[in-house]
Amino acid sequence: MTGPLHLLVLCWMATLSCSTSSSPEWFQNISTSLFNLSGDIMLGGLFPINSLSSDLSQRKEPSNISCDRISEHGLGLALVMKYAVDEINANQMLLPGIKLGYEIYDTCRQSAVIVKPTISFLSSKSIRVLSVECNYTDYETSMSAVIGPYSSEMVSVIGKLMGFFMMPQISFGATSDKFSDKLLYPSFFRTVPSDKQQVNAMALLLKEFDWNWVAVVGSGEEYGQRGVQEFSKIAAKMSVCVAYQDLIPVYKDPEPMVKTILDNIQATDVKVVVVFSLSEQAEVFFKEVIKRNITGVWIASTSWTFQKRLTSLPNIQTVGTIVGFTDKTQKLHLLTAYAEELFTKLSEERMRRAPGPPESSNADPLNPCPQCLELSLANISLVTDPALQQGAFSVYAAIYSVAQALHDMLRCNSSACEWDAETKILPWKLSKVLKNTSIDINGAHLEFDDNGNPNLGYTLIEWVWKDLDVEFIAVGSFYEELYINKSLFKWHTANSEVPQSRCSAACGIGQVRRVKGFHSCCFDCIDCVPGTYQANKEDIQCTTCPEGQWSLIRSTNCSQPTFEVLSWDTPEALGMVLAGGLLLVCQGSVGVIFLMHRGTPLVMASGGYQSFVALLSLMGACLSQVLFLGQPGDAVCRLQLPLTSFFQTVALSIITSLSLQTFFIAEFPEKAASRLQILRGPVTWLFLTLCCAVQVGFCCWFVQEGPSLSEHVDNMKIDFLRAFLSCPVLPLLGFGLMQGFNCLMALVSFMSTFMAVKPLHQYNLARDITFSTQIYCVIWVTFIPIYIGLTEKKRAIIHISFSLASNFGLVAAYFFPKCHLLLRKPELNTSEHFCTFLEGAPPTPAQEEPRPQPQTDK
């Protein structure tokens, strides 16, 4: 057996001589003492080198606890401490003339184990006994600083004791945020970020992918408990709902609880789970996940992101997508070469050592791993494992930060320090210097804040499977802010789409959430009704629009309303302008014909010069319709209805005067002849003046009582975004009085003439009055029900249309027959044909004249 073993060692040495030809010279002088090294200044190390093998439930007295199962990760971290101390001693840059020493103890991750070495560290340097004193200001401990422990649980056990002595304690793995409390842990430092940063980064990651329905699972000890608590607080502030949370037991069989946890996770239907756990508990958890064939997104905390015990689980690649946070660190390039040299030296020593029985693990407390003397190059994975490579920098940085603090404290230069054998390294002074220490390590700048936390962040990595091998792909980073590259993510879903994990689908634009149940992420989406809007995306209630603004249904803002007017270029306006123009042509033509035949019996019987006044007023009424077109203003609105009504009053008062004259001739024939001239003279003009005065009174009252357009707009109830702006028809009673007065005159004219006797062989003037006033009354009576049920825009159009129609009715029924007679039957334009209306004497049978010949009528 020895022959092949010698050959194997020689082969390793030959390989080493080739591979380390460029290694530092100091590698040749490294000690093979793994866990203790004497020095001028001593550092204590607390590492989880072994795992518990005793049954603590059977422990009845404070006897030794058995920890015999090697923890490769903890052992590898302890080797990193040895490497860092050896490197500092060899280079003599930080502490020239001073040799650092160390004592490394196993914590076994048990509070009953870690207390013993802690007391040893706190013992007096001179007598190696922990003495009770009133004042520890000048008390020099045997260890100047302590590196470790690894877990938050262990720091909780010894941290306050260390703080009492102000002993610098630099942890390379305890991330619980409670250690930031300097009142409780005044001398605690760490080279890994606090979990407060980690849970903040996790919550931001959830927010980035719009995951608001998640579960969180932790391990049932300090690290997991605090992590779950902190995450729940941060998640609530970021509107992320924790549908379910629980802890995996650490100190008893976790499997039953894991099954319960997964039952509840499946019941809540979450697709994203945060696993804030130690690697041992995470392993048990994922074994059950694999067994149940559950898939989803799993967010890993720093404690298990790189752990081989997880990556090597059979079928772990079937659970979905695993993304995790890991401390942002630097690679120690010489660590592997150092370990190779160390393991080679151990192998050489074994060859020279006489064979003997294996050492007991309890034989020497300074040797927590007797079997580690058997380490060889075959065990190089202790330092090449990805998890160890990731955590090595934290240990390395802890050692160097203490060395830098000693450098500053002892005022070292490149060649010497203010140091001699009598110099005391008091822990509280070193702790004070350490607070202000900053150092550049492997290209990274390290310094501590007021709470002892480093200025380090995280790298976000994703597990990507290539066949059966896992690759850790960096997809983002975090330091105060989260940066991710979404294009690098490889999701487990079809087409690699981002998985969804929401209790309720996101509400659409202009919708707010009405929470249902206990969780704010479970809700119904409610549309914001008109007049309200969604102010913010996370609103649970629509916001009412400010006064003077409005919104449509499902709006995200309110706006000032806009008004449209009956502008000149609209089809409606063009049609009415054309109709008005034709009506003006007709009225003008009638006026020209009447002017050409002024003084003739027909024109005189039709009112004489008053007929020209009536035509001009009808033309004015037609022209006044242009006030309804274009942008209205205060002045325009004051004139619109009064002007239109007044012009109609002038024409209708003249027609009414003629109708009353006809009624007087028909009913009082014996008096008509003698008084007709008076009636057609001053009385007619007086009647016209009186009617106009009444209408002017109505118009003035309407203008006085009604609001201006500006006042109307200011007082308008805004419940629209776009509306038609027209002049206010207020008070409505005023409009009714103005238009009603005109209709009353038309009705009086109609009633006065529709039963009048037709003069034989004479022109029937009463007929023209009857038809014209009847048309006018019918048009405006029809106007009332139509007008009431219309919108503002249509009301304006209808008003113009009915005004033009009534105007045309008066012209067509009253003037057109007379124009026909003047142009086609001029022979009838004689005094005899109009004697009844001109002289007031009714015809008698003896006075009747022969009918005109038929050919004359053609």
# chains A, B, ... in the order shown; residues from 1 in each chain; ligands from 1
>>> residues_around(residues="Asp40 in chain A", least_positions_apart="4", cutoff="10 Å", atoms="only C-alpha atoms", output="list of chain:residue names")
A:Gly97, A:Ile98, A:Lys99, A:Leu100, A:Gly101, A:Tyr102, A:Trp419, A:Asp420, A:Ala421
>>> write_last_selection(atoms="C-alpha atoms", output="mmCIF file, in the first residue's frame")
data_model
loop_
_atom_site.group_PDB
_atom_site.id
_atom_site.type_symbol
_atom_site.label_atom_id
_atom_site.label_comp_id
_atom_site.auth_asym_id
_atom_site.auth_seq_id
_atom_site.Cartn_x
_atom_site.Cartn_y
_atom_site.Cartn_z
ATOM 1 C CA GLY A 97 7.590 43.581 12.414
ATOM 2 C CA ILE A 98 4.425 42.114 13.899
ATOM 3 C CA LYS A 99 3.206 38.595 13.533
ATOM 4 C CA LEU A 100 -0.491 37.848 13.608
ATOM 5 C CA GLY A 101 -1.592 34.631 15.260
ATOM 6 C CA TYR A 102 -4.947 32.912 15.503
ATOM 7 C CA TRP A 419 4.955 48.406 18.918
ATOM 8 C CA ASP A 420 6.916 46.507 21.528
ATOM 9 C CA ALA A 421 6.344 43.588 23.818
#
>>> residues_around(residues="Val199 in chain A", least_positions_apart="6", cutoff="10 Å", atoms="only C-alpha atoms", output="mmCIF file with C-alpha atoms, in the first residue's frame")
data_model
loop_
_atom_site.group_PDB
_atom_site.id
_atom_site.type_symbol
_atom_site.label_atom_id
_atom_site.label_comp_id
_atom_site.auth_asym_id
_atom_site.auth_seq_id
_atom_site.Cartn_x
_atom_site.Cartn_y
_atom_site.Cartn_z
ATOM 1 C CA LEU A 205 -37.464 42.426 -7.507
ATOM 2 C CA GLY A 227 -35.627 37.653 7.503
ATOM 3 C CA VAL A 228 -39.298 36.677 7.269
ATOM 4 C CA GLN A 229 -40.317 39.485 9.623
ATOM 5 C CA GLU A 230 -38.322 42.136 7.786
ATOM 6 C CA PHE A 231 -39.522 40.939 4.397
ATOM 7 C CA SER A 232 -43.161 41.063 5.468
ATOM 8 C CA LYS A 233 -42.745 44.652 6.675
ATOM 9 C CA ILE A 234 -40.999 45.840 3.521
ATOM 10 C CA ALA A 235 -43.426 43.950 1.270
ATOM 11 C CA VAL A 274 -39.278 33.621 -1.111
ATOM 12 C CA PHE A 276 -35.237 32.852 3.484
ATOM 13 C CA SER A 301 -31.564 34.192 0.161
ATOM 14 C CA PHE A 325 -29.099 37.020 -4.100
#
>>> residues_around(residues="range 572-578 of chain A", least_positions_apart="5", cutoff="12 Å", atoms="only C-alpha atoms", output="list in words")
Val565, Leu566, Ser567, Leu583, Leu584, Val585, Cys622, Leu623, Ser624, Gln625, Val626, Leu627, Phe628, Leu629, Gly630, Lys793, Lys794, Ala796, Ile797, Ile798, His799, Ile800, Ser801, Phe802, Ser803, Leu804 and Ala805 of chain A
>>> write_last_selection(atoms="N, CA and C atoms", output="compact mmCIF listing (two decimals), in the first residue's frame")
# COMPACT_ATOMS: atom_id res chain seq x y z
N VAL A 565 -69.34 75.80 -31.17
CA VAL A 565 -70.38 76.77 -31.52
C VAL A 565 -70.87 76.45 -32.93
N LEU A 566 -71.97 77.10 -33.26
CA LEU A 566 -72.54 76.91 -34.60
C LEU A 566 -71.75 77.79 -35.57
N SER A 567 -70.57 77.28 -35.92
CA SER A 567 -69.67 78.08 -36.75
C SER A 567 -70.16 78.14 -38.19
N LEU A 583 -84.45 83.75 -48.85
CA LEU A 583 -85.58 84.50 -48.29
C LEU A 583 -85.38 86.00 -48.47
N LEU A 584 -84.15 86.45 -48.27
CA LEU A 584 -83.87 87.88 -48.48
C LEU A 584 -84.10 88.26 -49.94
N VAL A 585 -83.73 87.40 -50.84
CA VAL A 585 -83.96 87.67 -52.27
C VAL A 585 -85.46 87.81 -52.54
N CYS A 622 -84.86 88.43 -40.73
CA CYS A 622 -84.06 87.42 -41.44
C CYS A 622 -82.57 87.64 -41.22
N LEU A 623 -82.15 88.90 -41.31
CA LEU A 623 -80.73 89.20 -41.11
C LEU A 623 -80.29 88.97 -39.67
N SER A 624 -81.21 89.17 -38.72
CA SER A 624 -80.82 88.99 -37.32
C SER A 624 -80.48 87.54 -36.97
N GLN A 625 -80.82 86.61 -37.85
CA GLN A 625 -80.48 85.20 -37.57
C GLN A 625 -78.97 84.95 -37.62
N VAL A 626 -78.21 85.85 -38.25
CA VAL A 626 -76.76 85.67 -38.29
C VAL A 626 -76.16 85.81 -36.90
N LEU A 627 -76.90 86.43 -35.97
CA LEU A 627 -76.40 86.54 -34.60
C LEU A 627 -76.29 85.17 -33.92
N PHE A 628 -76.97 84.16 -34.47
CA PHE A 628 -76.92 82.82 -33.89
C PHE A 628 -75.71 82.02 -34.41
N LEU A 629 -74.99 82.56 -35.37
CA LEU A 629 -73.85 81.86 -35.97
C LEU A 629 -72.55 82.44 -35.44
N GLY A 630 -71.53 81.58 -35.39
CA GLY A 630 -70.22 82.03 -34.95
C GLY A 630 -70.09 82.03 -33.43
N LYS A 793 -77.51 72.61 -29.00
CA LYS A 793 -77.16 72.85 -30.40
C LYS A 793 -78.39 72.76 -31.30
N LYS A 794 -79.20 71.74 -31.06
CA LYS A 794 -80.38 71.56 -31.91
C LYS A 794 -81.42 72.64 -31.63
N ALA A 796 -80.75 75.76 -31.01
CA ALA A 796 -80.34 76.92 -31.81
C ALA A 796 -80.72 76.75 -33.27
N ILE A 797 -80.46 75.54 -33.78
CA ILE A 797 -80.77 75.27 -35.19
C ILE A 797 -82.28 75.35 -35.42
N ILE A 798 -83.06 74.75 -34.51
CA ILE A 798 -84.52 74.76 -34.66
C ILE A 798 -85.07 76.18 -34.57
N HIS A 799 -84.51 76.96 -33.64
CA HIS A 799 -85.00 78.34 -33.50
C HIS A 799 -84.76 79.14 -34.78
N ILE A 800 -83.59 79.01 -35.36
CA ILE A 800 -83.30 79.72 -36.61
C ILE A 800 -84.22 79.22 -37.72
N SER A 801 -84.37 77.89 -37.79
CA SER A 801 -85.19 77.30 -38.85
C SER A 801 -86.64 77.75 -38.73
N PHE A 802 -87.19 77.74 -37.51
CA PHE A 802 -88.59 78.14 -37.35
C PHE A 802 -88.76 79.64 -37.56
N SER A 803 -87.75 80.43 -37.18
CA SER A 803 -87.83 81.87 -37.45
C SER A 803 -87.87 82.14 -38.94
N LEU A 804 -86.99 81.48 -39.67
CA LEU A 804 -86.98 81.66 -41.13
C LEU A 804 -88.26 81.14 -41.75
N ALA A 805 -88.75 79.99 -41.21
CA ALA A 805 -89.98 79.41 -41.78
C ALA A 805 -91.17 80.32 -41.55
>>> residues_around(residues="range 261-273 of chain A", least_positions_apart="4", cutoff="6 Å", atoms="only C-alpha atoms", output="ChimeraX atom specification")
/A:214-216,296-298,501
>>> atom_distance(atom1="CA of Trp26 in chain A", atom2="CA of Thr344 in chain A")
14.8 Å
>>> residues_around(residues="range 741-748 of chain A", least_positions_apart="6", cutoff="6 Å", atoms="only C-alpha atoms", output="number ranges by chain")
A: 649, 773, 777
>>> closest_residue(among="A:Gln610, A:Ser63, A:Thr662, A:Thr562", to="Pro682 in chain A", atoms="only C-alpha atoms")
A:Gln610
>>> closest_atom_pairs(of="range 372-432 of chain A", to="range 174-180 of chain A", cutoff="12 Å", atoms="only C-alpha atoms", output="JSON lines")
{"residue": "A:Gly391", "atom": "CA", "partner": "A:Ala174", "partner_atom": "CA", "distance": 11.9}
{"residue": "A:Ser394", "atom": "CA", "partner": "A:Ala174", "partner_atom": "CA", "distance": 10.8}
{"residue": "A:Val395", "atom": "CA", "partner": "A:Ala174", "partner_atom": "CA", "distance": 11.7}
>>> closest_residue(among="A:Leu639, A:Ala282, A:Ile65, A:Leu79", to="Gln307 in chain A", atoms="only C-alpha atoms")
A:Ala282
>>> residues_around(residues="range 115-123 of chain A", least_positions_apart="5", cutoff="10 Å", atoms="only C-alpha atoms", output="PyMOL selection string")
chain A and resi 42-46+103-107+110+128-131+139-146+154+157-159+161-162+165+167+365-366+427
>>> write_last_selection(atoms="C-alpha atoms", output="PDB file, in the first residue's frame")
ATOM      1  CA  MET A  42      -3.881  37.031  18.366  1.00  0.00           C
ATOM      2  CA  LEU A  43      -7.169  36.750  16.518  1.00  0.00           C
ATOM      3  CA  GLY A  44      -9.942  34.378  17.496  1.00  0.00           C
ATOM      4  CA  GLY A  45     -11.874  32.495  14.849  1.00  0.00           C
ATOM      5  CA  LEU A  46     -15.353  30.931  15.206  1.00  0.00           C
ATOM      6  CA  GLU A 103      -6.963  30.371  17.400  1.00  0.00           C
ATOM      7  CA  ILE A 104      -9.811  28.830  15.414  1.00  0.00           C
ATOM      8  CA  TYR A 105     -12.609  27.042  17.214  1.00  0.00           C
ATOM      9  CA  ASP A 106     -15.598  25.064  16.042  1.00  0.00           C
ATOM     10  CA  THR A 107     -19.046  26.474  16.825  1.00  0.00           C
ATOM     11  CA  GLN A 110     -24.744  25.273  18.736  1.00  0.00           C
ATOM     12  CA  ARG A 128      -5.449  33.244  30.419  1.00  0.00           C
ATOM     13  CA  VAL A 129      -8.220  33.507  33.030  1.00  0.00           C
ATOM     14  CA  LEU A 130     -11.433  35.476  32.804  1.00  0.00           C
ATOM     15  CA  SER A 131     -11.268  37.558  35.930  1.00  0.00           C
ATOM     16  CA  TYR A 139      -8.216  44.819  30.515  1.00  0.00           C
ATOM     17  CA  GLU A 140      -6.321  43.215  27.629  1.00  0.00           C
ATOM     18  CA  THR A 141      -8.033  40.107  26.346  1.00  0.00           C
ATOM     19  CA  SER A 142      -6.149  37.112  25.027  1.00  0.00           C
ATOM     20  CA  MET A 143      -7.632  37.719  21.573  1.00  0.00           C
ATOM     21  CA  SER A 144      -7.556  41.219  20.166  1.00  0.00           C
ATOM     22  CA  ALA A 145     -10.494  40.594  17.833  1.00  0.00           C
ATOM     23  CA  VAL A 146     -12.865  37.776  16.939  1.00  0.00           C
ATOM     24  CA  MET A 154     -24.631  32.259  17.135  1.00  0.00           C
ATOM     25  CA  VAL A 157     -25.683  34.060  21.840  1.00  0.00           C
ATOM     26  CA  ILE A 158     -22.336  35.824  22.267  1.00  0.00           C
ATOM     27  CA  GLY A 159     -22.816  39.275  20.737  1.00  0.00           C
ATOM     28  CA  LEU A 161     -21.142  39.470  25.890  1.00  0.00           C
ATOM     29  CA  MET A 162     -18.612  40.646  23.323  1.00  0.00           C
ATOM     30  CA  PHE A 165     -15.975  43.919  26.746  1.00  0.00           C
ATOM     31  CA  MET A 167     -14.317  43.226  21.859  1.00  0.00           C
ATOM     32  CA  PRO A 365      -9.733  21.739  21.990  1.00  0.00           C
ATOM     33  CA  LEU A 366      -7.354  23.724  19.755  1.00  0.00           C
ATOM     34  CA  PRO A 427     -10.233  45.756  22.597  1.00  0.00           C
TER      35      PRO A 427
END
>>> residues_around(residues="Ala812 in chain A", least_positions_apart="4", cutoff="12 Å", atoms="only C-alpha atoms", output="list in words")
Leu583, Cys586, Gln587, Ser589, Val590, Leu615, Leu618, Asp768, Ile769, Phe771, Ser772, Thr773, Ile775, Tyr776, Leu804, Ala805, Ser806, Asn807, Phe808, Phe816, Pro817, Lys818, Cys819 and His820 of chain A
>>> closest_residue(among="A:Tyr609, A:Trp465, A:Phe164, A:Tyr458", to="Ser477 in chain A", atoms="only C-alpha atoms")
A:Tyr458
>>> closest_residue(among="A:Ile655, A:Ile461, A:Leu582, A:Ile49", to="Cys67 in chain A", atoms="only C-alpha atoms")
A:Ile49
>>> select_by_dssp(residues="range 25-263 of chain A", states="strand (DSSP E or B)", output="count of residues only")
46
>>> atom_distance(atom1="CA of Arg598 in chain A", atom2="CA of Phe664 in chain A")
24.9 Å
